[in-house]
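Peer 1: Just passing along the structure, written as structure tokens.
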Amino acid sequence: MTGALTGIRVLDLSRVLAGPWCGQLLADLGAEVIKVERPGTGDDTRGWGPPFLADAAGTPTRESAYYLCANRGKRSLAVDLADPQGQALVRDLAARSDVVIENFKVGGLARYGLDYDSLAATSPGIVYCSITGFGQDGPYASRPGYDVLIQAMGGLMSLTGQPEGSPGAEPMKTGVAVADLFTGVYASTAILAALRHRDRTGEGQYIDMALLDVQVSMLANQASNYLVGETVPRRAGNAHPNIVPYQVFATADGHMVLAVGNDGQFRRFCDVAGLAGYADDPAFATNTARVAHRGELVPVIAERLARGATAEWVSALQAAGVPCGPINTMDAVFADPQVRHRGMQVRVPHEAGGHVDLVRCPIRMSATPPRTAAAPPQLGEHTRAVLADELGLDDAAIARLVEAGIVQG
């Protein structure tokens with residue numbers, strides 16, 4: 001079965017996370033993604049370990065877990081972009097590609113003839129996506145952008161962490177690099193829209209994706225709270241600024257999440273928790289009232305939930321249709337019956353490790369589902385095949401490039 005993007009070739013010049021995440025999603029959907037890497041070292045994240053994938057004997061390989069998370073389904077071409085011959089090879093590949101993804105510094109690829117203007121001059125249908133920290137223009141355009149910096153500057157850290165004055169209070173980043181990941185998803189969406197435009201008109205285009213732009217856009221209701229209410233949101237720990245009760249509560253043996261989203265759910269929660277009178281009290285009967293009287297209600301709920309074990313509360317509340325759940329550690333996530341049923345962990349063959357366990361693409365499509373994951377490539381694993389199959393180079397020509405250190409494979 002072919003994927004939705006079968007026939008689309010993507011030249012992925014990016015590294016680390018946002019760009020590779022975008023390329024991985026396009027590969028999941030059926031595109032041929034050629035990952036261009038530096039000979040010798042490759043993508044920076046190949047060295048971001050431990051942990052590293054172990055081979056059959058238990059010896060760590062060069063494949064870090066970090067690299068493995070963002071590069072499934074791709075082919076690796078190791079080529080030296082600092083060499084004019086290497087530049088020419090990549091330009092030839094770009095001319096045979098539909099999409100280019102890159103996350104070099106602003107203007108960094110122009111000296112190689114791999115910038116959008118250079119490529120579009122001979123390939124007007126090319127869709128070219130640049131990913132940077134701050135975008136192609138503006139006072140910060142030349143600055144490097146890292147996820148934690150973007151979370152700080154883009155407001156997310158001001159909303160994350162315990163409230164001021166409470167134990168452990170300081171701005172916090174999230175547990176995964178959400179600015180990078182969201183940018184990768186937004187970039188893939190923009191690329192698909194640009195390909196649709198090209199299908200209609202034959203015209204390619206340039207896409208300028210900035211991590212800071214994405215971080216600001218994903219502030220969602222918090223940004224709207226500020227723009228509409230003219231009040232600066234503050235850190236609230238695990239509480240929700242607009243919904244009560246919607247947070248973490250301690251239980252007799254740990255913690256759980258209670259996520260009451262409407263007044264009917266609150267009434268059912270009160271019935272189970274033995275707090276029936278609260279659902280009829282005007283101070284708590286509606287969500288607006290509960291938000292206004294948060295300080296009175298939350299301690300009552302906390303005291304009640306602390307009397308029972310997490311599993312007991314979750315079982316009783318779920319049976320009553322009240323959204324709640326345990327706070328799973330990573331081992332519990334992948335042991336969860338729903339996660340297992342949906343097949344979110346997949347095991348695929350890997351040349352160095354024998355096999356590797358990966359997270360499955362979460363998209364489900366009835367006619368063109370994402371293809372079965374292929375292991376992230378080893379550095380230069382497909383160099384010879386790409387040069388031969390895509391550019392028509394013979395064995396002797398490839399051997400000369402390898403001997404000169406222009407390519408690795």
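Going through the structure tokens in order, the chains are called A, B, and so on, while each chain numbers its residues from 1 and the ligands are numbered from 1 in the order shown.
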May I have a table of the residues of segment 279-391 of chain A lying at most 10 Å from segment 74-86 of chain A, giving each one's closest pair of atoms and their distance in Å to one decimal, counting only C-alpha atoms, ordered by chain and ascending residue number, as a Markdown table?
Peer 2:
| residue | atom | partner | partner_atom | distance |
| --- | --- | --- | --- | --- |
| A:Ala373 | CA | A:Lys74 | CA | 9.6 |
| A:Ala374 | CA | A:Lys74 | CA | 7.6 |
| A:Ala375 | CA | A:Lys74 | CA | 8.0 |
| A:Pro376 | CA | A:Lys74 | CA | 6.2 |
| A:Pro377 | CA | A:Ser76 | CA | 5.8 |
| A:Gln378 | CA | A:Ser76 | CA | 6.9 |
| A:Leu379 | CA | A:Ser76 | CA | 6.0 |
| A:Gly380 | CA | A:Ala78 | CA | 4.5 |
| A:Glu381 | CA | A:Ser76 | CA | 5.6 |
| A:His382 | CA | A:Ser76 | CA | 5.2 |
| A:Thr383 | CA | A:Leu77 | CA | 4.4 |
| A:Arg384 | CA | A:Leu77 | CA | 8.1 |
| A:Ala385 | CA | A:Leu77 | CA | 8.9 |
| A:Val386 | CA | A:Leu77 | CA | 7.1 |
| A:Leu387 | CA | A:Leu77 | CA | 8.5 |
Peer 1: Out of A:His255, A:Arg143, A:Arg360, A:Arg91, which residue has the shortest atom-to-atom distance to Val36 of chain A when counting only C-alpha atoms?
Peer 2: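 Result for the nearest residue to Val36 of chain A: A:Arg91.
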Peer 1: With the cut-off set at 12 Å and counting only C-alpha atoms, tabulate each residue of segment 22-129 of chain A with an atom at most that distance from an atom of segment 338-350 of chain A, showing the nearest atom pair and its distance in Å to one decimal, ordered by chain and increasing number, as JSON lines.
Peer 2:
{"residue": "A:Leu53", "atom": "CA", "partner": "A:His350", "partner_atom": "CA", "distance": 9.7}
{"residue": "A:Ala54", "atom": "CA", "partner": "A:His350", "partner_atom": "CA", "distance": 10.5}
{"residue": "A:Asp55", "atom": "CA", "partner": "A:His350", "partner_atom": "CA", "distance": 9.2}
{"residue": "A:Ala56", "atom": "CA", "partner": "A:His350", "partner_atom": "CA", "distance": 10.6}
{"residue": "A:Thr61", "atom": "CA", "partner": "A:His350", "partner_atom": "CA", "distance": 11.2}
{"residue": "A:Glu63", "atom": "CA", "partner": "A:His350", "partner_atom": "CA", "distance": 10.3}
{"residue": "A:Leu68", "atom": "CA", "partner": "A:His350", "partner_atom": "CA", "distance": 10.9}
{"residue": "A:Cys69", "atom": "CA", "partner": "A:Gln345", "partner_atom": "CA", "distance": 11.9}
{"residue": "A:Arg72", "atom": "CA", "partner": "A:Val348", "partner_atom": "CA", "distance": 10.0}
{"residue": "A:Gly73", "atom": "CA", "partner": "A:Val348", "partner_atom": "CA", "distance": 10.7}
Peer 1: Can you write just those residues out, C-alpha atoms, as a PDB file, in the first residue's frame?
Peer 2:
ATOM      1  CA  LEU A  53      21.416   1.381  20.981  1.00  0.00           C
ATOM      2  CA  ALA A  54      23.193  -1.856  21.937  1.00  0.00           C
ATOM      3  CA  ASP A  55      24.190  -4.546  19.456  1.00  0.00           C
ATOM      4  CA  ALA A  56      23.473  -8.251  19.843  1.00  0.00           C
ATOM      5  CA  THR A  61      26.686   1.321  19.036  1.00  0.00           C
ATOM      6  CA  GLU A  63      23.211   5.265  17.462  1.00  0.00           C
ATOM      7  CA  LEU A  68      16.671   7.422  16.903  1.00  0.00           C
ATOM      8  CA  CYS A  69      13.580   9.343  18.054  1.00  0.00           C
ATOM      9  CA  ARG A  72      12.899   6.813  11.232  1.00  0.00           C
ATOM     10  CA  GLY A  73      12.110   6.040   7.629  1.00  0.00           C
TER      11      GLY A  73
END
Peer 1: Please report as JSON lines every residue of segment 188-305 of chain A lying within 8 Å of segment 316-321 of chain A, along with the nearest atom pair and their distance in Å (one decimal), using only C-alpha atoms.
Peer 2:
{"residue": "A:Gln265", "atom": "CA", "partner": "A:Gly321", "partner_atom": "CA", "distance": 7.1}
{"residue": "A:Arg268", "atom": "CA", "partner": "A:Ala320", "partner_atom": "CA", "distance": 6.5}
{"residue": "A:Phe269", "atom": "CA", "partner": "A:Leu317", "partner_atom": "CA", "distance": 6.7}
{"residue": "A:Val272", "atom": "CA", "partner": "A:Leu317", "partner_atom": "CA", "distance": 6.7}
Peer 1: Interatomic distance between atom CA of Gly125 of chain A and atom CA of Val99 of chain A?
Peer 2: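 Taking atom CA of Gly125 of chain A and atom CA of Val99 of chain A, their separation equals 9.1 Å.
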Peer 1: Within 9 Å of segment 13-27 of chain A, counting only C-alpha atoms, which residues qualify if same-chain residues fewer than 6 places away don't, as a count of residues only?
Peer 2: 44
Peer 1: Just the residues within 12 Å of segment 149-151 of chain A, please, counting only C-alpha atoms, with nothing from its chain fewer than 2 positions along; format it as a VMD selection string.
Peer 2: chain A and resid 132 to 134 140 143 to 147 153 to 160 171 to 183 210 to 219
Peer 1: Rounded to one decimal place, report the atom CA of Gly308 of chain A-atom CA of Gly168 of chain A distance in Å.
Peer 2: 26.1 Å
Peer 1: Would you return as a count of residues only the members of segment 18-130 of chain A that DSSP assigns to strand (DSSP E or B) on this structure's backbone?
Peer 2: 27
Peer 1: Could you give me, as an MDAnalysis selection string, each residue of segment 206-299 of chain A that DSSP assigns to helix (DSSP H, G or I) when run on this structure's backbone?
Peer 2: chainID A and resid 211:217 220:229 263:273 276:280 287:292 294:299
Peer 1: Quick one: pull the distance between atom CA of Leu258 of chain A and atom CA of Cys324 of chain A, Å, one decimal.
Peer 2: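 Computed distance, atom CA of Leu258 of chain A to atom CA of Cys324 of chain A, equals 4.5 Å.
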Peer 1: Which residues of segment 67-139 of chain A sit at most 7 Å from segment 197-206 of chain A, using only C-alpha atoms? Give each one's shortest atom pair and distance in Å (one decimal place), in chain and ascending residue order, as JSON lines.
Peer 2:
{"residue": "A:Tyr116", "atom": "CA", "partner": "A:Tyr206", "partner_atom": "CA", "distance": 6.9}
{"residue": "A:Pro124", "atom": "CA", "partner": "A:Gly204", "partner_atom": "CA", "distance": 5.8}
{"residue": "A:Gly125", "atom": "CA", "partner": "A:Gly204", "partner_atom": "CA", "distance": 3.9}
{"residue": "A:Ile126", "atom": "CA", "partner": "A:Gly204", "partner_atom": "CA", "distance": 4.7}
{"residue": "A:Val127", "atom": "CA", "partner": "A:Gly204", "partner_atom": "CA", "distance": 5.0}
{"residue": "A:Tyr128", "atom": "CA", "partner": "A:Tyr206", "partner_atom": "CA", "distance": 5.0}
{"residue": "A:Cys129", "atom": "CA", "partner": "A:Tyr206", "partner_atom": "CA", "distance": 6.1}
Peer 1: Write the residues of the preceding selection, restricted to N, CA, C and O atoms, as a PDB file, in the first residue's frame.
Peer 2:
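Saved as selection.pdb:
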ATOM      1  N   TYR A 116      17.326  29.203  -1.207  1.00  0.00           N
ATOM      2  CA  TYR A 116      16.097  29.103  -1.999  1.00  0.00           C
ATOM      3  C   TYR A 116      16.221  29.786  -3.349  1.00  0.00           C
ATOM      4  O   TYR A 116      15.854  29.205  -4.387  1.00  0.00           O
ATOM      5  N   PRO A 124      11.734  25.994 -10.298  1.00  0.00           N
ATOM      6  CA  PRO A 124      10.718  26.921  -9.779  1.00  0.00           C
ATOM      7  C   PRO A 124       9.620  26.253  -8.975  1.00  0.00           C
ATOM      8  O   PRO A 124       8.905  26.926  -8.233  1.00  0.00           O
ATOM      9  N   GLY A 125       9.495  24.941  -9.085  1.00  0.00           N
ATOM     10  CA  GLY A 125       8.460  24.243  -8.327  1.00  0.00           C
ATOM     11  C   GLY A 125       8.913  23.760  -6.961  1.00  0.00           C
ATOM     12  O   GLY A 125       8.141  23.128  -6.242  1.00  0.00           O
ATOM     13  N   ILE A 126      10.160  24.098  -6.580  1.00  0.00           N
ATOM     14  CA  ILE A 126      10.678  23.586  -5.313  1.00  0.00           C
ATOM     15  C   ILE A 126       9.955  24.221  -4.121  1.00  0.00           C
ATOM     16  O   ILE A 126       9.647  25.405  -4.108  1.00  0.00           O
ATOM     17  N   VAL A 127       9.655  23.398  -3.125  1.00  0.00           N
ATOM     18  CA  VAL A 127       9.118  23.875  -1.845  1.00  0.00           C
ATOM     19  C   VAL A 127      10.271  23.838  -0.856  1.00  0.00           C
ATOM     20  O   VAL A 127      10.826  22.775  -0.577  1.00  0.00           O
ATOM     21  N   TYR A 128      10.632  24.985  -0.343  1.00  0.00           N
ATOM     22  CA  TYR A 128      11.853  25.133   0.441  1.00  0.00           C
ATOM     23  C   TYR A 128      11.481  25.657   1.826  1.00  0.00           C
ATOM     24  O   TYR A 128      10.915  26.736   1.962  1.00  0.00           O
ATOM     25  N   CYS A 129      11.789  24.886   2.866  1.00  0.00           N
ATOM     26  CA  CYS A 129      11.406  25.233   4.233  1.00  0.00           C
ATOM     27  C   CYS A 129      12.639  25.483   5.079  1.00  0.00           C
ATOM     28  O   CYS A 129      13.446  24.577   5.306  1.00  0.00           O
TER      29      CYS A 129
END
Peer 1: When you count only C-alpha atoms, which of these residues is closest to Gly165 of chain A: A:Leu297, A:Ala236, A:Cys270, A:Val407?
Peer 2: A:Ala236
Peer 1: Go through A:Gln247, A:Ile301, A:Gly40, A:Ser166 one by one, measure the shortest atom-to-atom distance of each to Ala276 of chain A using only C-alpha atoms, and give the residue with the smallest value.
Peer 2: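 Answer, going by the shortest atom-to-atom distance: A:Ile301.
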